[in-house]
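Below: the structure, in structure tokens.
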Amino acid sequence: QVQLVESGGGLVQPGGSLRLSCAASGSIFSFNVMGWYRQAPGNQRELVARSTSGGTTNYADSVRGRFTISRDNANNTLYLQMNSLKPEDTAVYYCNAWRPPNNYWGQGTQVTVSS
């Protein structure tokens with residue numbers, strides 16, 4: 001059973017930066033896709049960014065140019081660098097890993113952008 005543990009969330013002012021980390025209990029090299037999702041109160045969970053094993057990355061329109069997803073296969077960790085944060089980025093951020101037929105989720109980390 002794979003475990004994903006997120007960290008790095010917190011309170012930050014608008015315009016600030018945070019880096020989220022997702023540490024996996026095993027090798028992430030074999031995951032077809034890893035990604036970050038977020039869910040704000042009253043909203044559905046939405047894709048923020050994802051990274052394929054082939055090196056392709058995709059971003060939601062709302063974060064493109066501000067967020068960067070990256071994989072560190074040697075340390076079995078997925079990152080999300082978030083810059084120029086806005087209040088509307090406030091949400092619980094979840095790490096996801098997909099290796100058919102299994103889909104894994106972390107417990108989430110809260111990101112709050114407020115002055």
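Each chain in the structure tokens gets a letter, A, B, ..., in the order shown, and its residues are numbered from 1; ligands are numbered from 1 in order too.
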
Do you know which residues are at most 12 Å from segment 61-76 of chain A counting only C-alpha atoms, after dropping those on the same chain fewer than 3 positions away, and could you put them as a PyMOL selection string? chain A and resi 2-5+15-31+33-38+46-58+79-86+88-89+95+97

Point out the residue among A:Asn102, A:Gln39, A:Gln107, A:Gln44 with the least atom-to-atom distance to Thr90 of chain A, counting only C-alpha atoms.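 The shortest atom-to-atom distance to Thr90 of chain A comes from A:Gln39.
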
So which residues of chain A fall under strand (DSSP E) by DSSP, listed as a ChimeraX atom specification? /A:4-7,10-12,18-24,33-39,46-52,57-59,67-72,77-82,91-99,102-105,109-113
